Amino acid sequence: MENRPQWGTRAGFIMAAVGSAIGLGNIWRFPGVAYENGGGAFFLPYLFALLTAGIPLLILEFTIGQKYRGSAPLSYSRMSKGAEWIGWWQVAIAFVISTYYAVIIAWAMSFAYFSFSNAWGDDPQTFLLVDYLQVGEAGAVGSLVPGVLIPLIIVWGVALGVLFAGVKRGIERANKIMIPTLVVLFLIIVIRAMTLPGALDGLNAFFQPNWEMITDGKVWVAAYGQIFFSLSIAFAIMITYSSYLPKKADITNNAFITGFANSSFELLAGFGVFAALGFMAAQQGVPISEVVSSGVILAFAVFPAIINEFPAFNEFFGFLFFTSLVLAGLTSLISITETYVAGIQEKFNVKRSTSVIVGGGIAAIISLLFATQGGLNFLDVVDYFVNQFGIAFAGLIEVVFIAWYIKQLDPLQKHANSVSDIRLGLWWKVCLGIITPVVLGYTMYDNLRQNLT
Ligand code: PFF
């Protein structure tokens, strides 16, 4: 344990945590979720979820990692004998997520390449995925497969190479390069998008508050879901990263910085995406609601179409957009994969290099299967279940177990307060012990009800 790796600098840890948080979820998930759940009015539940669940849970996970200095399974078992399984459950979800997250990054990488080599032509309809996604024809997927295999190998090569190099020389260094680069690239795209004709209408549509929706439970569920997903909470990730913190690091402060940095980027993505959608709607002379989308369709069908209509430098902006997706995704993939690399390493007492090769290798092989034709359908199913149940369930178990079963909130609070300038008061325990379990319990119930009816 003495030679546990450590972050070299505070900024290094924050970059890594922010790198994990800022991911595909910020760029393609948040804008659509906000729009569908009340637009400007969504910011109220969103902010509430950030302050009552997001940041309190980040503080909790940072504290667990820093205090118990282990991967998630080891940290849980040190906190309470018999709790190791919670760590493994979270690591298992992280493992599953990593296998398909990598495929999406690989798509983005091949699209970055396409845009640069001008392979997507002038007609957005000829774009590879448009057919597949909208019509559901398998034909286009066939042509996609060879295009994604090589990028997928590169994606795993980079992620595992970074993990192989270690915490300070690998993860920290990679994030210190990738995150600032991402912010610069993304800012260029957002500024360009906001200066296009129609952009303002897009932003109006995005921020137009629909206050009636605020009384709808679904909107609150969406806000909490977005915060959990976006902050990489309840997947063993933040526990693992904070286990490499020095003993005196100010965790509460770091959690606030990470939470606000992530939300700022999310907001920026909202501006960029809706400005671009506004432009597209204006070009086509249709209302914005007709062009709004999210997820795979937004990134790989709608965005290419929008970029094709840019007045100039289409290849350049296409390349910037997809490279941003790649960078945002890679820094998250690295963090997700680190959870099981560290878990395996400590459980079986093997070298880091061995667990990178074994754990990462298995994940990479499974994700190659996702990249095949049948795998793409499977990806949808897995994604759906992880998002509908995995997140809420993992978070619920975590807070209920810690707050009510092993009753560890007090000692954890004491630990956090001993290293931090910001003192955690009663509010922190109320958020974790009462508000978060109630909301997550309701989320589970709501998801189950929807799936059963
Ligand atoms: N927080 C990252 C994102 O928003 O994309 C990474 C991530 C965490 C993705 C958890 C997916 C996930 F379920």
# chains A, B, ... in the order shown; residues from 1 in each chain; ligands from 1
$ residues_near_ligand --ligand "ligand 1" --cutoff "7 Å" --atoms "only C-alpha atoms and all ligand atoms" --output "NGL selection string"
:A and (20-26 or 97 or 229-233 or 235 or 329 or 332 or 387 or 391)
$ write_last_selection --atoms "C-alpha atoms" --output "PDB file, in the first residue's frame"
ATOM      1  CA  SER A  20     -14.069  11.723 -16.576  1.00  0.00           C
ATOM      2  CA  ALA A  21     -17.156  13.843 -16.014  1.00  0.00           C
ATOM      3  CA  ILE A  22     -17.064  15.654 -19.345  1.00  0.00           C
ATOM      4  CA  GLY A  23     -17.963  13.037 -21.873  1.00  0.00           C
ATOM      5  CA  LEU A  24     -20.411  12.125 -24.559  1.00  0.00           C
ATOM      6  CA  GLY A  25     -23.144  12.692 -22.000  1.00  0.00           C
ATOM      7  CA  ASN A  26     -22.394  16.415 -21.867  1.00  0.00           C
ATOM      8  CA  ILE A  97     -20.309   0.826 -20.177  1.00  0.00           C
ATOM      9  CA  PHE A 229     -24.523  10.143 -15.667  1.00  0.00           C
ATOM     10  CA  SER A 230     -22.675  13.328 -16.345  1.00  0.00           C
ATOM     11  CA  LEU A 231     -20.684  13.387 -13.130  1.00  0.00           C
ATOM     12  CA  SER A 232     -19.683   9.720 -13.477  1.00  0.00           C
ATOM     13  CA  ILE A 233     -21.199   8.974 -10.074  1.00  0.00           C
ATOM     14  CA  PHE A 235     -19.733   3.673 -11.140  1.00  0.00           C
ATOM     15  CA  GLY A 329     -15.002  10.340 -24.832  1.00  0.00           C
ATOM     16  CA  SER A 332     -14.056   9.310 -19.822  1.00  0.00           C
ATOM     17  CA  ASN A 387     -29.303   4.041 -18.179  1.00  0.00           C
ATOM     18  CA  ILE A 391     -27.427   4.152 -12.654  1.00  0.00           C
TER      19      ILE A 391
END
$ residues_around --residues "segment 238-246 of chain A" --least-positions-apart "3" --cutoff "6 Å" --atoms "only C-alpha atoms" --output "PDB file with N, CA and C atoms, in the first residue's frame"
ATOM      1  N   GLN A   6       0.262   8.201  -6.866  1.00  0.00           N
ATOM      2  CA  GLN A   6      -0.419   9.437  -6.464  1.00  0.00           C
ATOM      3  C   GLN A   6      -0.421  10.430  -7.601  1.00  0.00           C
ATOM      4  N   TRP A   7      -1.445  11.278  -7.603  1.00  0.00           N
ATOM      5  CA  TRP A   7      -1.458  12.374  -8.572  1.00  0.00           C
ATOM      6  C   TRP A   7      -0.276  13.279  -8.296  1.00  0.00           C
ATOM      7  N   GLU A  61     -17.877  10.187  -2.594  1.00  0.00           N
ATOM      8  CA  GLU A  61     -16.979   9.257  -3.289  1.00  0.00           C
ATOM      9  C   GLU A  61     -15.515   9.684  -3.171  1.00  0.00           C
ATOM     10  N   PHE A  62     -15.291  10.984  -3.253  1.00  0.00           N
ATOM     11  CA  PHE A  62     -13.903  11.459  -3.070  1.00  0.00           C
ATOM     12  C   PHE A  62     -13.406  11.080  -1.664  1.00  0.00           C
ATOM     13  N   GLY A  65     -12.683   7.273  -1.376  1.00  0.00           N
ATOM     14  CA  GLY A  65     -11.439   6.926  -2.064  1.00  0.00           C
ATOM     15  C   GLY A  65     -10.222   7.415  -1.288  1.00  0.00           C
ATOM     16  N   GLN A  66     -10.302   8.663  -0.842  1.00  0.00           N
ATOM     17  CA  GLN A  66      -9.125   9.216  -0.183  1.00  0.00           C
ATOM     18  C   GLN A  66      -8.888   8.574   1.181  1.00  0.00           C
ATOM     19  N   ARG A  69      -8.228   4.544   0.419  1.00  0.00           N
ATOM     20  CA  ARG A  69      -7.104   4.347  -0.481  1.00  0.00           C
ATOM     21  C   ARG A  69      -7.114   3.030  -1.233  1.00  0.00           C
ATOM     22  N   GLY A  70      -8.218   2.763  -1.875  1.00  0.00           N
ATOM     23  CA  GLY A  70      -8.261   1.535  -2.662  1.00  0.00           C
ATOM     24  C   GLY A  70      -9.184   1.699  -3.843  1.00  0.00           C
ATOM     25  N   SER A  71      -9.130   0.744  -4.767  1.00  0.00           N
ATOM     26  CA  SER A  71     -10.121   0.691  -5.836  1.00  0.00           C
ATOM     27  C   SER A  71     -11.483   0.572  -5.166  1.00  0.00           C
ATOM     28  N   ALA A  72     -12.565   0.664  -5.936  1.00  0.00           N
ATOM     29  CA  ALA A  72     -13.886   0.668  -5.293  1.00  0.00           C
ATOM     30  C   ALA A  72     -14.134  -0.586  -4.437  1.00  0.00           C
ATOM     31  N   ALA A 249      -5.334  16.307   0.653  1.00  0.00           N
ATOM     32  CA  ALA A 249      -6.025  17.037  -0.414  1.00  0.00           C
ATOM     33  C   ALA A 249      -7.412  17.497   0.036  1.00  0.00           C
TER      34      ALA A 249
END
$ select_by_dssp --residues "segment 77-287 of chain A" --states "alpha helix (DSSP H)" --output "VMD selection string"
chain A and resid 77 to 79 84 to 116 128 to 135 139 to 165 173 to 194 199 to 207 217 to 230 237 to 242 251 to 284
$ residues_around --residues "segment 367-369 of chain A" --least-positions-apart "2" --cutoff "8 Å" --atoms "only C-alpha atoms" --output "PyMOL selection string"
chain A and resi 99-100+102-103+149+152+363-365+371-372+375
$ closest_atom_pairs --of "segment 352-441 of chain A" --to "segment 36-53 of chain A" --cutoff "12 Å" --atoms "only C-alpha atoms" --output "CSV"
residue,atom,partner,partner_atom,distance
A:Ala392,CA,A:Ala53,CA,11.9
A:Gly395,CA,A:Ala53,CA,9.9
A:Leu396,CA,A:Ala53,CA,11.2
A:Val399,CA,A:Ala53,CA,10.2
A:Trp427,CA,A:Thr52,CA,8.5
A:Trp428,CA,A:Thr52,CA,7.9
A:Lys429,CA,A:Thr52,CA,10.0
A:Val430,CA,A:Thr52,CA,8.7
A:Cys431,CA,A:Thr52,CA,5.2
A:Leu432,CA,A:Ala53,CA,6.9
A:Gly433,CA,A:Ala53,CA,10.3
A:Ile434,CA,A:Thr52,CA,10.0
A:Ile435,CA,A:Thr52,CA,7.2
A:Thr436,CA,A:Ala53,CA,5.8
A:Pro437,CA,A:Ala53,CA,9.5
A:Val438,CA,A:Ala53,CA,11.0
A:Val439,CA,A:Ala53,CA,9.4
A:Leu440,CA,A:Ala53,CA,9.9
$ write_last_selection --atoms "C-alpha atoms" --output "short mmCIF file (atom, residue, chain, number, x, y, z; two decimals), in the first residue's frame"
data_model
loop_
_atom_site.label_atom_id
_atom_site.label_comp_id
_atom_site.auth_asym_id
_atom_site.auth_seq_id
_atom_site.Cartn_x
_atom_site.Cartn_y
_atom_site.Cartn_z
CA ALA A 392 -30.33 4.63 -10.28
CA GLY A 395 -26.61 5.04 -6.66
CA LEU A 396 -29.50 3.93 -4.47
CA VAL A 399 -26.38 5.89 -0.40
CA TRP A 427 -27.23 19.52 4.83
CA TRP A 428 -24.76 17.00 3.44
CA LYS A 429 -26.22 14.16 5.49
CA VAL A 430 -29.79 15.20 4.70
CA CYS A 431 -28.99 15.23 0.97
CA LEU A 432 -27.38 11.81 1.03
CA GLY A 433 -29.48 10.10 3.67
CA ILE A 434 -32.90 11.38 2.69
CA ILE A 435 -33.25 13.41 -0.50
CA THR A 436 -31.11 11.26 -2.80
CA PRO A 437 -32.55 7.88 -1.70
CA VAL A 438 -36.10 9.20 -2.03
CA VAL A 439 -35.48 10.53 -5.54
CA LEU A 440 -33.60 7.44 -6.68
#
$ residues_around --residues "Ser353 of chain A" --least-positions-apart "2" --cutoff "9 Å" --atoms "only C-alpha atoms" --output "PyMOL selection string"
chain A and resi 163-166+341+345+350-351+355-358
$ write_last_selection --atoms "N, CA and C atoms" --output "compact mmCIF listing (two decimals), in the first residue's frame"
# COMPACT_ATOMS: atom_id res chain seq x y z
N LEU A 163 -3.34 3.98 -19.55
CA LEU A 163 -3.47 3.30 -18.26
C LEU A 163 -2.19 2.52 -17.93
N PHE A 164 -1.60 1.96 -18.95
CA PHE A 164 -0.35 1.21 -18.79
C PHE A 164 0.73 2.12 -18.21
N ALA A 165 0.76 3.35 -18.67
CA ALA A 165 1.81 4.28 -18.23
C ALA A 165 1.62 4.71 -16.77
N GLY A 166 0.46 4.45 -16.19
CA GLY A 166 0.28 4.73 -14.76
C GLY A 166 -0.54 5.97 -14.47
N VAL A 341 -9.32 -1.95 -13.98
CA VAL A 341 -7.88 -2.18 -13.97
C VAL A 341 -7.39 -2.17 -12.51
N GLN A 345 -6.25 -5.46 -10.26
CA GLN A 345 -4.88 -5.39 -9.77
C GLN A 345 -4.82 -5.66 -8.26
N VAL A 350 -1.82 -8.45 -8.71
CA VAL A 350 -0.96 -8.55 -9.90
C VAL A 350 -0.41 -7.17 -10.24
N LYS A 351 0.51 -7.15 -11.17
CA LYS A 351 1.07 -5.86 -11.60
C LYS A 351 0.02 -5.07 -12.37
N SER A 355 -2.98 -6.30 -15.22
CA SER A 355 -4.43 -6.07 -15.17
C SER A 355 -4.88 -5.18 -16.33
N VAL A 356 -4.00 -4.32 -16.82
CA VAL A 356 -4.37 -3.54 -18.01
C VAL A 356 -4.55 -4.48 -19.19
N ILE A 357 -3.61 -5.41 -19.33
CA ILE A 357 -3.68 -6.30 -20.49
C ILE A 357 -4.88 -7.24 -20.37
N VAL A 358 -5.07 -7.82 -19.18
CA VAL A 358 -6.16 -8.79 -19.03
C VAL A 358 -7.52 -8.08 -19.03
$ residues_around --residues "Ile27 of chain A" --least-positions-apart "3" --cutoff "12 Å" --atoms "only C-alpha atoms" --output "PyMOL selection string"
chain A and resi 21-24+30-34+182+186+190+226+230+262-274+293-296+298-299+303+321-322+324-329
$ residues_around --residues "Ile189 of chain A" --least-positions-apart "2" --cutoff "9 Å" --atoms "only C-alpha atoms" --output "ChimeraX atom specification"
/A:184-187,191-194,272,317,320-321
$ residues_around --residues "Gln408 of chain A" --least-positions-apart "6" --cutoff "12 Å" --atoms "only C-alpha atoms" --output "PyMOL selection string"
chain A and resi 60+63-64+76+78-80+398-402+414-415+429+432-433
$ closest_residue --among "A:Gly441, A:Phe313, A:Pro304, A:Ala106" --to "Ile397 of chain A" --atoms "only C-alpha atoms"
A:Gly441
$ atom_distance --atom1 "atom CA of Lys247 of chain A" --atom2 "atom CA of Ala342 of chain A"
18.9 Å
$ closest_residue --among "A:Tyr35, A:Tyr445, A:Val291, A:Lys407" --to "Asn210 of chain A" --atoms "only C-alpha atoms"
A:Tyr35
$ atom_distance --atom1 "atom CA of Ala174 of chain A" --atom2 "atom CA of Ile237 of chain A"
16.7 Å
$ atom_distance --atom1 "atom CA of Ala301 of chain A" --atom2 "atom CA of Gln283 of chain A"
16.2 Å
$ decode --residues "segment 78-112 of chain A" --atoms "C-alpha atoms" --output "PDB file, in the first residue's frame"
ATOM      1  CA  ARG A  78     -12.228  -1.515   4.170  1.00  0.00           C
ATOM      2  CA  MET A  79     -15.179   0.661   5.089  1.00  0.00           C
ATOM      3  CA  SER A  80     -17.222  -2.334   6.115  1.00  0.00           C
ATOM      4  CA  LYS A  81     -16.504  -6.014   5.839  1.00  0.00           C
ATOM      5  CA  GLY A  82     -19.030  -7.543   3.507  1.00  0.00           C
ATOM      6  CA  ALA A  83     -19.487  -4.386   1.430  1.00  0.00           C
ATOM      7  CA  GLU A  84     -16.974  -5.394  -1.208  1.00  0.00           C
ATOM      8  CA  TRP A  85     -19.746  -6.563  -3.524  1.00  0.00           C
ATOM      9  CA  ILE A  86     -21.078  -3.030  -3.911  1.00  0.00           C
ATOM     10  CA  GLY A  87     -17.711  -2.046  -5.308  1.00  0.00           C
ATOM     11  CA  TRP A  88     -17.752  -5.002  -7.704  1.00  0.00           C
ATOM     12  CA  TRP A  89     -21.289  -4.257  -8.787  1.00  0.00           C
ATOM     13  CA  GLN A  90     -20.279  -0.722  -9.691  1.00  0.00           C
ATOM     14  CA  VAL A  91     -17.114  -1.945 -11.377  1.00  0.00           C
ATOM     15  CA  ALA A  92     -19.185  -4.424 -13.380  1.00  0.00           C
ATOM     16  CA  ILE A  93     -21.435  -1.666 -14.686  1.00  0.00           C
ATOM     17  CA  ALA A  94     -18.378   0.394 -15.527  1.00  0.00           C
ATOM     18  CA  PHE A  95     -17.000  -2.582 -17.435  1.00  0.00           C
ATOM     19  CA  VAL A  96     -20.170  -2.907 -19.496  1.00  0.00           C
ATOM     20  CA  ILE A  97     -20.309   0.826 -20.177  1.00  0.00           C
ATOM     21  CA  SER A  98     -16.698   0.863 -21.329  1.00  0.00           C
ATOM     22  CA  THR A  99     -17.315  -1.807 -23.944  1.00  0.00           C
ATOM     23  CA  TYR A 100     -19.863   0.248 -25.838  1.00  0.00           C
ATOM     24  CA  TYR A 101     -18.587   3.698 -24.951  1.00  0.00           C
ATOM     25  CA  ALA A 102     -15.410   2.768 -26.845  1.00  0.00           C
ATOM     26  CA  VAL A 103     -17.404   1.874 -29.946  1.00  0.00           C
ATOM     27  CA  ILE A 104     -19.049   5.272 -30.012  1.00  0.00           C
ATOM     28  CA  ILE A 105     -15.684   6.987 -29.675  1.00  0.00           C
ATOM     29  CA  ALA A 106     -14.452   4.845 -32.550  1.00  0.00           C
ATOM     30  CA  TRP A 107     -17.365   6.041 -34.697  1.00  0.00           C
ATOM     31  CA  ALA A 108     -16.495   9.607 -33.834  1.00  0.00           C
ATOM     32  CA  MET A 109     -12.912   8.936 -34.780  1.00  0.00           C
ATOM     33  CA  SER A 110     -13.829   7.520 -38.148  1.00  0.00           C
ATOM     34  CA  PHE A 111     -16.182  10.448 -38.756  1.00  0.00           C
ATOM     35  CA  ALA A 112     -13.372  12.857 -37.900  1.00  0.00           C
TER      36      ALA A 112
END
